[in-house]
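start15.txt (compact mmCIF, C-alpha atoms)
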# COMPACT_ATOMS: atom_id res chain seq x y z
CA MET N 11 82.22 -69.60 110.68
CA ILE N 12 79.76 -70.40 113.47
CA ALA N 13 75.98 -70.26 112.93
CA THR N 14 75.48 -66.97 114.83
CA GLN N 15 78.16 -65.19 112.81
CA ARG N 16 76.68 -66.59 109.61
CA ARG N 17 73.22 -65.26 110.47
CA GLN N 18 74.65 -61.86 111.35
CA LYS N 19 76.55 -61.65 108.08
CA ILE N 20 73.65 -62.66 105.86
CA LEU N 21 71.30 -60.27 107.67
CA ALA N 22 73.83 -57.43 107.37
CA LEU N 23 73.74 -57.90 103.59
CA ALA N 24 70.06 -58.70 103.32
CA LEU N 25 68.49 -56.00 105.49
CA PRO N 26 69.40 -53.05 103.22
CA ILE N 27 68.23 -55.07 100.21
CA MET N 28 64.96 -55.86 101.99
CA GLY N 29 64.47 -52.23 102.95
CA GLY N 30 65.00 -51.01 99.43
CA MET N 31 62.81 -53.67 97.86
CA LEU N 32 60.07 -53.18 100.44
CA SER N 33 60.07 -49.45 99.70
CA GLN N 34 59.68 -50.24 95.99
CA SER N 35 56.74 -52.57 96.52
CA LEU N 36 55.21 -50.20 99.05
CA LEU N 37 55.31 -47.55 96.36
CA ASN N 38 53.23 -49.78 94.08
CA LEU N 39 50.74 -50.19 96.91
CA VAL N 40 50.72 -46.42 97.48
CA ASP N 41 49.89 -46.00 93.77
CA ALA N 42 47.08 -48.54 94.24
CA ILE N 43 45.74 -46.56 97.21
CA LEU N 44 45.93 -43.27 95.28
CA VAL N 45 44.17 -44.53 92.15
CA GLY N 46 41.87 -46.85 94.10
CA SER N 47 39.77 -43.86 95.08
CA LEU N 48 39.14 -43.24 91.35
CA GLY N 49 37.17 -46.50 91.00
CA GLU N 50 37.64 -50.16 90.16
CA THR N 51 38.04 -49.49 86.41
CA VAL N 52 41.02 -47.17 86.95
CA LEU N 53 42.52 -49.56 89.51
CA ALA N 54 42.13 -52.47 87.08
CA GLY N 55 43.61 -50.39 84.23
CA VAL N 56 46.69 -49.48 86.28
CA GLY N 57 47.04 -53.16 87.18
CA VAL N 58 46.91 -54.24 83.54
CA GLY N 59 49.28 -51.47 82.40
CA GLY N 60 51.64 -52.28 85.24
CA TYR N 61 51.85 -55.93 84.25
CA ALA N 62 52.43 -54.99 80.63
CA ILE N 63 55.49 -52.91 81.64
CA PHE N 64 56.50 -55.74 83.99
CA MET N 65 56.66 -58.06 80.98
CA LEU N 66 58.98 -55.77 79.01
CA SER N 67 61.21 -54.86 81.95
CA ALA N 68 61.54 -58.58 82.70
CA LEU N 69 63.54 -58.91 79.48
CA VAL N 70 66.40 -57.05 81.19
CA ALA N 71 65.82 -58.37 84.72
CA GLY N 72 68.66 -60.85 84.34
CA LEU N 73 71.21 -58.03 84.18
CA SER N 74 71.19 -57.70 87.97
CA SER N 75 71.88 -61.33 88.86
CA GLY N 76 74.29 -61.75 85.93
CA VAL N 77 76.45 -58.83 87.03
CA GLN N 78 76.15 -59.74 90.72
CA SER N 79 77.28 -63.35 90.32
CA GLN N 80 80.26 -62.37 88.14
CA VAL N 81 81.35 -59.52 90.41
CA ALA N 82 81.01 -61.65 93.56
CA ARG N 83 83.10 -64.42 92.00
CA ARG N 84 85.82 -61.91 91.02
CA GLN N 85 85.85 -60.40 94.48
CA GLY N 86 86.19 -63.83 96.06
CA ALA N 87 89.15 -64.47 93.74
CA LYS N 88 90.61 -61.02 94.67
CA GLN N 89 90.53 -59.73 91.06
CA TYR N 90 89.84 -56.17 92.22
CA THR N 91 90.92 -54.27 89.09
CA GLN N 92 88.39 -56.30 87.04
CA LEU N 93 85.38 -55.99 89.33
CA ALA N 94 83.50 -53.46 87.18
CA LEU N 95 84.08 -55.13 83.81
CA PRO N 96 80.81 -57.12 84.02
CA LEU N 97 79.05 -53.82 84.73
CA ASN N 98 80.54 -52.27 81.58
CA ALA N 99 79.25 -55.21 79.56
CA ALA N 100 75.80 -54.91 81.18
CA ILE N 101 75.52 -51.22 80.27
CA LEU N 102 76.27 -52.06 76.64
CA LEU N 103 73.64 -54.80 76.67
CA ALA N 104 71.12 -52.47 78.31
CA LEU N 105 71.47 -49.95 75.49
CA MET N 106 71.20 -52.62 72.80
CA ILE N 107 68.04 -54.13 74.26
CA THR N 108 65.97 -51.29 75.73
CA LEU N 109 66.15 -48.58 73.07
CA PRO N 110 64.43 -50.62 70.33
CA LEU N 111 62.19 -52.32 72.91
CA SER N 112 60.90 -48.95 74.15
CA LEU N 113 59.93 -47.91 70.61
CA VAL N 114 58.19 -51.21 69.94
CA GLY N 115 56.32 -50.95 73.24
CA TRP N 116 55.18 -47.35 72.68
CA PHE N 117 53.76 -47.98 69.19
CA ASN N 118 52.14 -51.32 70.06
CA SER N 119 50.77 -50.51 73.50
CA SER N 120 47.09 -50.76 72.58
CA TRP N 121 47.60 -54.23 71.07
CA LEU N 122 49.49 -55.44 74.14
CA VAL N 123 46.99 -54.31 76.79
CA ALA N 124 44.11 -55.65 74.69
CA LYS N 125 45.69 -59.11 74.93
CA ILE N 126 45.63 -58.90 78.73
CA ASN N 127 42.12 -57.52 79.33
CA PRO N 128 39.02 -57.56 77.10
CA THR N 129 37.22 -54.56 78.65
CA THR N 130 37.45 -51.37 76.56
CA ALA N 131 37.32 -48.96 79.52
CA VAL N 132 40.12 -50.83 81.30
CA GLN N 133 42.19 -50.92 78.10
CA THR N 134 41.96 -47.12 77.74
CA VAL N 135 43.41 -46.52 81.20
CA ALA N 136 46.00 -49.27 80.79
CA ASN N 137 47.21 -47.94 77.42
CA ASP N 138 47.89 -44.43 78.75
CA TYR N 139 49.59 -45.78 81.86
CA PHE N 140 51.79 -48.20 79.91
CA GLN N 141 52.97 -45.67 77.31
CA TRP N 142 54.31 -43.29 79.97
CA ARG N 143 55.98 -46.13 81.83
CA VAL N 144 57.71 -47.70 78.83
CA ILE N 145 59.90 -44.62 78.30
CA SER N 146 61.78 -45.56 81.48
CA LEU N 147 62.99 -48.99 80.30
CA LEU N 148 66.60 -47.87 79.82
CA PRO N 149 66.84 -46.31 83.32
CA ILE N 150 65.35 -49.52 84.73
CA ALA N 151 67.99 -51.63 82.95
CA LEU N 152 70.82 -49.35 84.10
CA THR N 153 69.54 -49.43 87.69
CA LEU N 154 69.50 -53.25 87.62
CA SER N 155 73.07 -53.30 86.32
CA PHE N 156 74.36 -50.88 88.95
CA ARG N 157 72.50 -52.77 91.67
CA GLY N 158 74.13 -56.04 90.63
CA TYR N 159 77.60 -54.48 90.88
CA TRP N 160 77.11 -52.94 94.33
CA HIS N 161 75.48 -56.09 95.69
CA GLY N 162 78.32 -58.14 94.24
CA ILE N 163 80.91 -56.17 96.22
CA GLN N 164 78.74 -56.56 99.34
CA LYS N 165 77.85 -52.86 99.67
CA THR N 166 74.08 -53.31 99.76
CA GLY N 167 73.46 -50.19 101.84
CA VAL N 168 74.03 -48.06 98.72
CA TYR N 169 70.97 -49.64 97.12
CA PHE N 170 68.85 -48.90 100.18
CA ARG N 171 69.77 -45.19 100.22
CA ILE N 172 69.22 -44.65 96.51
CA ILE N 173 65.94 -46.57 96.42
CA ILE N 174 64.60 -44.52 99.34
CA PHE N 175 65.45 -41.32 97.45
CA THR N 176 63.88 -42.65 94.24
CA HIS N 177 60.63 -43.74 95.79
CA THR N 178 60.21 -40.75 98.05
CA LEU N 179 60.42 -38.63 94.89
CA ASN N 180 57.99 -41.01 93.20
CA ILE N 181 55.39 -40.74 95.96
CA LEU N 182 55.53 -36.95 95.98
CA LEU N 183 55.33 -36.70 92.19
CA SER N 184 52.53 -39.28 91.94
CA ILE N 185 50.35 -37.55 94.54
CA TRP N 186 50.83 -34.25 92.73
CA LEU N 187 50.30 -35.53 89.18
CA ILE N 188 47.43 -37.91 89.94
CA HIS N 189 45.33 -35.34 91.80
CA GLY N 190 46.71 -32.11 90.30
CA GLY N 191 47.58 -28.78 91.87
CA LEU N 192 50.10 -25.92 91.54
CA GLY N 193 48.91 -25.21 88.01
CA ILE N 194 48.83 -28.86 86.89
CA GLN N 195 45.50 -30.50 86.11
CA ALA N 196 44.70 -33.90 87.61
CA LEU N 197 46.14 -36.60 85.34
CA GLY N 198 44.83 -39.70 87.12
CA ALA N 199 46.53 -42.94 86.13
CA THR N 200 48.74 -41.11 83.61
CA GLY N 201 50.10 -39.01 86.47
CA ALA N 202 51.07 -42.15 88.38
CA ALA N 203 52.98 -43.41 85.34
CA LEU N 204 54.77 -40.09 84.79
CA GLY N 205 55.75 -39.86 88.44
CA THR N 206 57.28 -43.33 88.32
CA SER N 207 59.19 -42.73 85.06
CA ILE N 208 60.67 -39.43 86.25
CA SER N 209 61.76 -40.86 89.59
CA VAL N 210 63.28 -44.03 88.08
CA THR N 211 65.30 -41.90 85.65
CA SER N 212 66.49 -39.68 88.51
CA GLY N 213 67.55 -42.75 90.48
CA ALA N 214 69.54 -44.14 87.54
CA LEU N 215 71.43 -40.84 87.24
CA VAL N 216 72.35 -41.00 90.93
CA TRP N 217 73.52 -44.60 90.49
CA GLY N 218 75.74 -43.60 87.57
CA TRP N 219 77.25 -40.62 89.39
CA LEU N 220 78.04 -42.63 92.52
CA THR N 221 79.54 -45.52 90.56
CA TRP N 222 81.68 -43.12 88.51
CA ARG N 223 83.09 -41.65 91.71
CA ASN N 224 83.89 -44.98 93.34
CA ALA N 225 84.41 -47.70 90.74
CA ARG N 226 86.95 -46.19 88.33
CA PRO N 227 89.87 -48.11 89.94
CA ASN N 228 87.85 -51.29 89.39
CA GLY N 229 87.64 -50.69 85.64
CA PHE N 230 84.31 -48.82 85.40
CA LEU N 231 84.04 -47.27 81.92
CA ASN N 232 87.82 -47.22 81.41
CA LYS N 233 88.12 -50.76 80.08
CA SER N 234 86.06 -52.15 77.22
CA PRO N 235 84.46 -55.54 77.86
CA SER N 236 85.92 -58.33 75.77
CA PHE N 237 83.72 -60.40 73.50
CA THR N 238 84.30 -63.38 75.80
CA LEU N 239 83.07 -61.43 78.82
CA LEU N 240 80.10 -60.05 76.90
CA TRP N 241 79.10 -63.53 75.76
CA SER N 242 79.59 -64.92 79.26
CA LEU N 243 77.25 -62.24 80.63
CA VAL N 244 74.69 -62.94 77.91
CA SER N 245 74.76 -66.64 78.84
CA LEU N 246 73.90 -65.67 82.44
CA VAL N 247 71.44 -62.88 81.64
CA ALA N 248 69.43 -64.66 78.92
CA PRO N 249 68.08 -67.58 81.02
CA ASN N 250 67.15 -65.31 83.93
CA SER N 251 65.59 -62.67 81.69
CA LEU N 252 63.65 -65.31 79.78
CA GLN N 253 62.49 -66.78 83.08
CA GLN N 254 61.41 -63.35 84.35
CA PHE N 255 59.72 -62.50 81.06
CA LEU N 256 57.72 -65.70 80.94
CA PHE N 257 56.95 -65.30 84.65
CA ALA N 258 55.55 -61.86 83.80
CA VAL N 259 53.63 -63.30 80.85
CA SER N 260 52.21 -65.95 83.18
CA TYR N 261 50.82 -63.17 85.37
CA ALA N 262 49.42 -61.47 82.28
CA VAL N 263 47.66 -64.78 81.50
CA LEU N 264 46.50 -64.88 85.11
CA PHE N 265 44.96 -61.42 84.71
CA TRP N 266 43.37 -62.57 81.47
CA PHE N 267 41.77 -65.40 83.46
CA LEU N 268 40.55 -62.86 86.02
CA GLY N 269 39.19 -60.68 83.23
CA GLN N 270 37.06 -63.60 82.06
CA ILE N 271 35.49 -63.71 85.53
CA SER N 272 34.81 -60.00 86.19
CA THR N 273 36.36 -56.52 86.38
CA ALA N 274 35.99 -56.77 90.16
CA SER N 275 38.21 -59.88 90.13
CA VAL N 276 40.85 -57.98 88.17
CA ALA N 277 40.80 -55.09 90.66
CA VAL N 278 40.98 -57.39 93.70
CA GLY N 279 43.59 -59.58 92.03
CA HIS N 280 45.75 -56.49 91.42
CA VAL N 281 45.76 -55.71 95.15
CA LEU N 282 46.36 -59.35 96.16
CA VAL N 283 49.31 -59.77 93.81
CA HIS N 284 50.98 -56.55 94.96
CA LEU N 285 50.47 -57.53 98.60
CA SER N 286 52.05 -60.94 97.99
CA LEU N 287 54.94 -59.37 96.07
CA LEU N 288 55.46 -56.97 98.97
CA LEU N 289 55.50 -59.66 101.64
CA ILE N 290 57.81 -62.10 99.83
CA LEU N 291 60.49 -59.43 99.44
CA PRO N 292 62.29 -60.32 102.70
CA GLY N 293 62.71 -63.80 101.22
CA VAL N 294 63.98 -62.36 97.95
CA GLY N 295 66.35 -60.07 99.86
CA LEU N 296 67.79 -62.98 101.83
CA GLY N 297 68.11 -64.90 98.57
CA MET N 298 70.03 -62.04 96.97
CA ALA N 299 72.35 -61.86 99.98
CA ALA N 300 72.85 -65.63 99.69
CA MET N 301 73.60 -65.16 95.97
CA THR N 302 76.53 -62.86 96.80
CA LEU N 303 77.82 -65.06 99.62
CA VAL N 304 77.52 -68.27 97.59
CA GLY N 305 79.41 -66.68 94.68
CA HIS N 306 82.08 -65.29 97.03
CA SER N 307 82.55 -68.70 98.73
CA LEU N 308 82.83 -70.48 95.39
CA GLY N 309 85.38 -67.88 94.29
CA GLU N 310 87.38 -68.92 97.36
CA ASN N 311 86.83 -72.59 96.36
CA ASN N 312 84.87 -73.27 99.59
CA GLN N 313 81.91 -75.40 98.44
CA GLU N 314 80.75 -76.40 101.93
CA GLU N 315 80.46 -72.80 103.06
CA ALA N 316 78.53 -71.96 99.88
CA HIS N 317 76.06 -74.77 100.65
CA ARG N 318 75.54 -73.55 104.21
CA TRP N 319 74.81 -69.99 103.05
CA GLY N 320 71.79 -71.23 101.09
CA TRP N 321 70.29 -73.05 104.07
CA GLU N 322 70.94 -70.16 106.44
CA GLY N 323 69.05 -67.79 104.14
CA MET N 324 66.18 -70.24 103.77
CA ARG N 325 65.73 -70.72 107.54
CA LEU N 326 65.66 -66.98 108.17
CA ALA N 327 63.23 -66.44 105.28
CA ALA N 328 60.78 -69.05 106.60
CA ILE N 329 60.66 -67.41 110.03
CA ILE N 330 60.21 -63.88 108.71
CA LEU N 331 57.60 -64.78 106.07
CA ALA N 332 55.55 -66.80 108.57
CA PHE N 333 55.46 -63.75 110.86
CA LEU N 334 54.44 -61.43 107.99
CA GLY N 335 51.72 -63.78 106.78
CA LEU N 336 49.99 -63.96 110.16
CA PRO N 337 48.03 -60.63 109.88
CA MET N 338 46.59 -61.79 106.55
CA LEU N 339 45.08 -64.77 108.35
CA LEU N 340 43.86 -62.84 111.39
CA ALA N 341 42.61 -59.55 109.91
CA PRO N 342 42.04 -59.87 106.14
CA GLU N 343 39.17 -57.35 106.02
CA ALA N 344 41.22 -54.63 107.70
CA ILE N 345 44.11 -55.10 105.27
CA LEU N 346 41.90 -55.14 102.17
CA GLY N 347 40.05 -52.08 103.44
CA LEU N 348 43.19 -50.02 102.93
CA PHE N 349 42.92 -50.49 99.16
CA LEU N 350 39.34 -51.42 98.37
CA HIS N 351 36.42 -49.13 99.11
CA GLN N 352 33.46 -51.41 98.42
CA GLU N 353 32.27 -54.13 100.80
CA SER N 354 31.64 -56.51 97.91
CA LEU N 355 35.28 -56.25 96.78
CA ILE N 356 36.58 -56.78 100.32
CA GLU N 357 34.40 -59.88 100.71
CA LEU N 358 35.61 -61.18 97.33
CA GLY N 359 39.25 -60.87 98.38
CA LYS N 360 38.98 -62.16 101.97
CA ILE N 361 39.64 -65.89 101.46
CA PRO N 362 42.28 -65.40 98.70
CA LEU N 363 44.16 -63.02 101.01
CA MET N 364 44.16 -65.63 103.76
CA LEU N 365 45.53 -68.17 101.27
CA THR N 366 48.21 -65.62 100.35
CA GLY N 367 49.30 -65.47 103.99
CA ILE N 368 49.89 -69.23 103.91
CA MET N 369 51.54 -69.37 100.49
CA ILE N 370 54.25 -66.80 101.18
CA THR N 371 55.60 -69.00 103.98
CA LEU N 372 55.55 -72.09 101.75
CA ASP N 373 57.40 -70.06 99.11
CA SER N 374 60.46 -69.33 101.31
CA ALA N 375 62.65 -72.20 100.06
CA ALA N 376 62.00 -71.42 96.39
CA LEU N 377 62.68 -67.70 96.91
CA VAL N 378 66.08 -68.22 98.56
CA PHE N 379 67.39 -71.20 96.60
CA ASN N 380 66.32 -69.58 93.31
CA GLN N 381 68.69 -66.68 94.00
CA ALA N 382 71.41 -68.79 95.63
CA LEU N 383 71.58 -71.09 92.61
CA GLN N 384 72.05 -68.07 90.37
CA GLY N 385 74.97 -67.01 92.56
CA ALA N 386 76.54 -70.36 91.70
CA GLY N 387 75.92 -69.79 87.99
CA ALA N 388 72.99 -72.24 87.67
CA HIS N 389 70.82 -69.74 85.79
CA ARG N 390 69.69 -72.31 83.23
CA SER N 391 68.53 -74.83 85.85
CA VAL N 392 66.61 -72.10 87.69
CA MET N 393 64.93 -71.09 84.43
CA GLN N 394 63.92 -74.67 83.59
CA ILE N 395 62.41 -75.32 87.02
CA SER N 396 60.59 -72.01 87.24
CA LEU N 397 59.09 -72.11 83.75
CA SER N 398 58.04 -75.75 84.06
CA MET N 399 56.24 -75.06 87.33
CA GLN N 400 54.55 -71.90 86.06
CA TRP N 401 53.45 -73.06 82.63
CA LEU N 402 52.96 -76.80 83.05
CA PHE N 403 51.41 -76.75 86.52
CA PHE N 404 50.22 -73.36 87.81
CA LEU N 405 48.46 -71.90 84.77
CA PRO N 406 46.67 -75.12 83.76
CA ALA N 407 45.60 -75.64 87.39
CA ALA N 408 44.42 -72.02 87.66
CA TRP N 409 42.36 -72.35 84.48
CA PHE N 410 40.90 -75.68 85.57
CA LEU N 411 39.95 -74.59 89.10
CA GLY N 412 39.11 -70.95 88.39
CA ILE N 413 37.50 -71.02 84.93
CA TYR N 414 36.49 -74.57 84.02
CA LEU N 415 35.16 -75.53 87.47
CA GLN N 416 33.97 -71.92 87.98
CA GLY N 417 35.89 -71.56 91.24
CA GLY N 418 36.59 -67.93 90.37
CA LEU N 419 39.19 -65.96 92.29
CA ILE N 420 39.31 -68.50 95.14
CA GLY N 421 39.93 -71.40 92.75
CA ILE N 422 42.83 -69.58 91.11
CA TRP N 423 44.40 -68.79 94.47
CA VAL N 424 44.08 -72.43 95.60
CA ALA N 425 46.02 -73.40 92.47
CA GLN N 426 48.64 -70.81 93.33
CA LEU N 427 48.98 -72.18 96.87
CA ALA N 428 49.68 -75.69 95.54
CA TYR N 429 52.15 -74.32 92.99
CA ARG N 430 54.19 -72.42 95.60
CA MET N 431 54.42 -75.49 97.85
CA ILE N 432 55.58 -77.89 95.10
CA ASN N 433 57.98 -75.30 93.69
CA SER N 434 59.78 -75.02 97.04
CA VAL N 435 60.12 -78.81 97.32
CA VAL N 436 61.76 -78.97 93.88
CA PHE N 437 64.26 -76.19 94.67
CA VAL N 438 65.26 -77.86 97.95
CA ARG N 439 66.01 -81.07 96.10
CA VAL N 440 68.14 -79.30 93.47
CA TRP N 441 70.12 -77.45 96.15
CA GLN N 442 70.80 -80.67 98.03
CA ARG N 443 72.07 -82.49 94.94
CA ARG N 444 74.94 -79.93 94.78
CA ARG N 445 75.57 -80.18 91.04
CA TRP N 446 75.81 -76.38 91.03
CA GLN N 447 79.13 -76.50 92.93
CA GLY N 448 81.16 -77.31 89.81
CA LEU N 449 79.81 -74.52 87.57
CA LYS N 450 82.00 -71.72 86.18
CA VAL N 451 80.93 -68.11 85.57
What does this structure look like when you write it as structure tokens?
Amino acid sequence: MIATQRRQKILALALPIMGGMLSQSLLNLVDAILVGSLGETVLAGVGVGGYAIFMLSALVAGLSSGVQSQVARRQGAKQYTQLALPLNAAILLALMITLPLSLVGWFNSSWLVAKINPTTAVQTVANDYFQWRVISLLPIALTLSFRGYWHGIQKTGVYFRIIIFTHTLNILLSIWLIHGGLGIQALGATGAALGTSISVTSGALVWGWLTWRNARPNGFLNKSPSFTLLWSLVSLVAPNSLQQFLFAVSYAVLFWFLGQISTASVAVGHVLVHLSLLLILPGVGLGMAAMTLVGHSLGENNQEEAHRWGWEGMRLAAIILAFLGLPMLLAPEAILGLFLHQESLIELGKIPLMLTGIMITLDSAALVFNQALQGAGAHRSVMQISLSMQWLFFLPAAWFLGIYLQGGLIGIWVAQLAYRMINSVVFVRVWQRRRWQGLKV
């Protein structure tokens, strides 16, 4: 396959994924805009509550990549009647994990948010927000499982259409419930949480209906997963979920650092993190497309093509992320002004936002090769690299520069810039060593 055809194919898979993921992150930013007008305490509380739910949902995040890598490998091997068996196993795992986790989260919410932020007023907002978000853990897990299946069979446009429906509903519900109207009193941050939970549940129901209609010939819910398959999925899901969970915990620690500086730093940090998560999504989308194509090529026993897919995704990601980071360097005040309504907060976030524009470009290799390695079944290696970089480098550096040396928000963001750069170098080296080519899933 020539380079032009390769770019066209990876973009055809990645663009719907990017669109869906961008809509999801844009929704978080819309929530920030809506509650931002209620003051920095409410904005900080939503940020803390959001990261608390991020930690719990991270425990099932591996379902998506686990299902996707197994389905892609089966499709490459032309095992069409068995394509949906990994999805069946994922649904069983989702039920086993999220139902008890939701109960634990609901009854221990005040303890959890108190560990992230020491301010009582922020904790009150965060507790209410978190409790009404945690009820949607099962729909989140099911959505991840369905997404992994449809991405694995290279029908990524389905994800884009469903996510647009889900988040359009979320925006409408959030505006209504946050500010009130039509007989409903204004619920503030609680309204934002309710709007999200209702829309995520609605989206999961649409996923289930569509999969039922289309995937029955592939074994969806008409064949029980074997213990071997279930264990194989657990071996893929566990490293990725642990990685995502500890990644989420690392951000909770980051927000604890910010809380030691000031409530203003927490509010600004909330906006900066969501902006960075929004702008790296094209890289993540290209990585997820590479994950499918790498798994498919390995299923066909074509290791060289699998290797090229990773590099093609990385090159495209670097170009796109550099373009998206440019406005953050040229007009940081204008961007921050969309979310922050005090000049002091905008000034506080100006330099960190400019650093964010640089770091997302440096992050492109890590974003793509992280996903591509999971497509090859190297979930454990990805986990080891990611956790080592986060916990042994980034967090100590953030504490040293931001807290110990009193560099504040800027010091923490300088540490994050260095972390993203080194992380990408490590992932490039692992990809080039090619040990992942002999793995089985």
For atom CA of N:Met338 and atom CA of N:Met364, the interatomic separation in Å (one decimal): 5.3 Å
From N:Thr176, N:Ser396, N:Asn228, N:Leu25, residue lying nearest N:Ile330 [all atoms listed in the file]: N:Leu25
Please provide the set of residues having any atom within 7 Å of stretch 114-128 of chain N, restricted to only C-alpha atoms, with same-chain residues fewer than 3 positions apart removed, written as a PyMOL selection string. chain N and resi 58-59+62+110-111+133+136-137+140-141+144+262-263+265-266+269
Can you write just those residues out, C-alpha atoms, as an mmCIF file, in the coordinates of the input?
data_model
loop_
_atom_site.group_PDB
_atom_site.id
_atom_site.type_symbol
_atom_site.label_atom_id
_atom_site.label_comp_id
_atom_site.auth_asym_id
_atom_site.auth_seq_id
_atom_site.Cartn_x
_atom_site.Cartn_y
_atom_site.Cartn_z
ATOM 1 C CA VAL N 58 46.910 -54.240 83.540
ATOM 2 C CA GLY N 59 49.280 -51.470 82.400
ATOM 3 C CA ALA N 62 52.430 -54.990 80.630
ATOM 4 C CA PRO N 110 64.430 -50.620 70.330
ATOM 5 C CA LEU N 111 62.190 -52.320 72.910
ATOM 6 C CA GLN N 133 42.190 -50.920 78.100
ATOM 7 C CA ALA N 136 46.000 -49.270 80.790
ATOM 8 C CA ASN N 137 47.210 -47.940 77.420
ATOM 9 C CA PHE N 140 51.790 -48.200 79.910
ATOM 10 C CA GLN N 141 52.970 -45.670 77.310
ATOM 11 C CA VAL N 144 57.710 -47.700 78.830
ATOM 12 C CA ALA N 262 49.420 -61.470 82.280
ATOM 13 C CA VAL N 263 47.660 -64.780 81.500
ATOM 14 C CA PHE N 265 44.960 -61.420 84.710
ATOM 15 C CA TRP N 266 43.370 -62.570 81.470
ATOM 16 C CA GLY N 269 39.190 -60.680 83.230
#
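Proximity to N:Pro96 was assessed for N:Ser242, N:Gln15, N:Ser209, N:Gln416 counting only C-alpha atoms; the smallest distance is recorded for N:Ser242.
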May I ask for the distance between atom CA of N:Gln381 and atom CA of N:Met393, given in Å to one decimal place? 11.2 Å
Using all atoms listed in the file, which protein or nucleic acid residues come within 9 Å of N:Leu264? Drop anything in the same chain fewer than 5 positions from it, and give the result as a list of chain:residue names. N:Ile126, N:Val259, N:Gly269, N:Leu405, N:Ala408, N:Trp409, N:Ile422
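Between atom CA of N:Leu308 and atom CA of N:Trp446 there is a distance of 10.2 Å.
Near (79.0, -76.9, 92.9), the residues that fall inside 8 Å on the basis of all atoms listed in the file are N:Leu308, N:Gln313, N:Ala386, N:Arg444, N:Arg445, N:Trp446, N:Gln447, N:Gly448, N:Leu449.
With all atoms listed in the file as the atoms that count, the residue of N:Ala203, N:Gly76, N:Ala274, N:Gly198 with the shortest distance to N:Glu353 is N:Ala274.
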Test item: residues at most 12 Å from N:His306, all atoms listed in the file, excluding those fewer than 3 positions along its chain, as JSON, numbers by chain: {"N": [78, 79, 80, 81, 82, 83, 84, 85, 86, 87, 88, 89, 161, 162, 163, 164, 299, 300, 301, 302, 303, 309, 310, 311, 312, 313, 315, 316, 317, 319, 382, 385, 386, 387, 451]}
Keeping C-alpha atoms, export the residues of the selection given above as a tab-separated table (two decimals), in the coordinates of the input.
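Final output, saved to out_26.tsv:
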chain	number	residue	atom	x	y	z
N	78	GLN	CA	76.15	-59.74	90.72
N	79	SER	CA	77.28	-63.35	90.32
N	80	GLN	CA	80.26	-62.37	88.14
N	81	VAL	CA	81.35	-59.52	90.41
N	82	ALA	CA	81.01	-61.65	93.56
N	83	ARG	CA	83.10	-64.42	92.00
N	84	ARG	CA	85.82	-61.91	91.02
N	85	GLN	CA	85.85	-60.40	94.48
N	86	GLY	CA	86.19	-63.83	96.06
N	87	ALA	CA	89.15	-64.47	93.74
N	88	LYS	CA	90.61	-61.02	94.67
N	89	GLN	CA	90.53	-59.73	91.06
N	161	HIS	CA	75.48	-56.09	95.69
N	162	GLY	CA	78.32	-58.14	94.24
N	163	ILE	CA	80.91	-56.17	96.22
N	164	GLN	CA	78.74	-56.56	99.34
N	299	ALA	CA	72.35	-61.86	99.98
N	300	ALA	CA	72.85	-65.63	99.69
N	301	MET	CA	73.60	-65.16	95.97
N	302	THR	CA	76.53	-62.86	96.80
N	303	LEU	CA	77.82	-65.06	99.62
N	309	GLY	CA	85.38	-67.88	94.29
N	310	GLU	CA	87.38	-68.92	97.36
N	311	ASN	CA	86.83	-72.59	96.36
N	312	ASN	CA	84.87	-73.27	99.59
N	313	GLN	CA	81.91	-75.40	98.44
N	315	GLU	CA	80.46	-72.80	103.06
N	316	ALA	CA	78.53	-71.96	99.88
N	317	HIS	CA	76.06	-74.77	100.65
N	319	TRP	CA	74.81	-69.99	103.05
N	382	ALA	CA	71.41	-68.79	95.63
N	385	GLY	CA	74.97	-67.01	92.56
N	386	ALA	CA	76.54	-70.36	91.70
N	387	GLY	CA	75.92	-69.79	87.99
N	451	VAL	CA	80.93	-68.11	85.57
Near N:Phe379, counting all atoms listed in the file, which residues have an atom at most 8 Å away, once you skip same-chain residues fewer than 2 positions from it, shown as a VMD selection string? chain N and resid 297 320 324 375 to 377 381 to 383 437 to 438 441
Requested write-out: C-alpha atoms of the selected residues, as a PDB file, in the frame of the given file:
ATOM      1  CA  GLY N 297      68.110 -64.900  98.570  1.00  0.00           C
ATOM      2  CA  GLY N 320      71.790 -71.230 101.090  1.00  0.00           C
ATOM      3  CA  MET N 324      66.180 -70.240 103.770  1.00  0.00           C
ATOM      4  CA  ALA N 375      62.650 -72.200 100.060  1.00  0.00           C
ATOM      5  CA  ALA N 376      62.000 -71.420  96.390  1.00  0.00           C
ATOM      6  CA  LEU N 377      62.680 -67.700  96.910  1.00  0.00           C
ATOM      7  CA  GLN N 381      68.690 -66.680  94.000  1.00  0.00           C
ATOM      8  CA  ALA N 382      71.410 -68.790  95.630  1.00  0.00           C
ATOM      9  CA  LEU N 383      71.580 -71.090  92.610  1.00  0.00           C
ATOM     10  CA  PHE N 437      64.260 -76.190  94.670  1.00  0.00           C
ATOM     11  CA  VAL N 438      65.260 -77.860  97.950  1.00  0.00           C
ATOM     12  CA  TRP N 441      70.120 -77.450  96.150  1.00  0.00           C
TER      13      TRP N 441
END
N:Trp186 proximity check over N:Gly167, N:Gly418, N:Gly205, N:Pro337, using all atoms listed in the file: winner is N:Gly205
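Take the candidates N:Leu397, N:Ile101, N:Ala151, N:Val378 and check each one against N:Leu256 using all atoms listed in the file; the shortest distance goes to N:Leu397.
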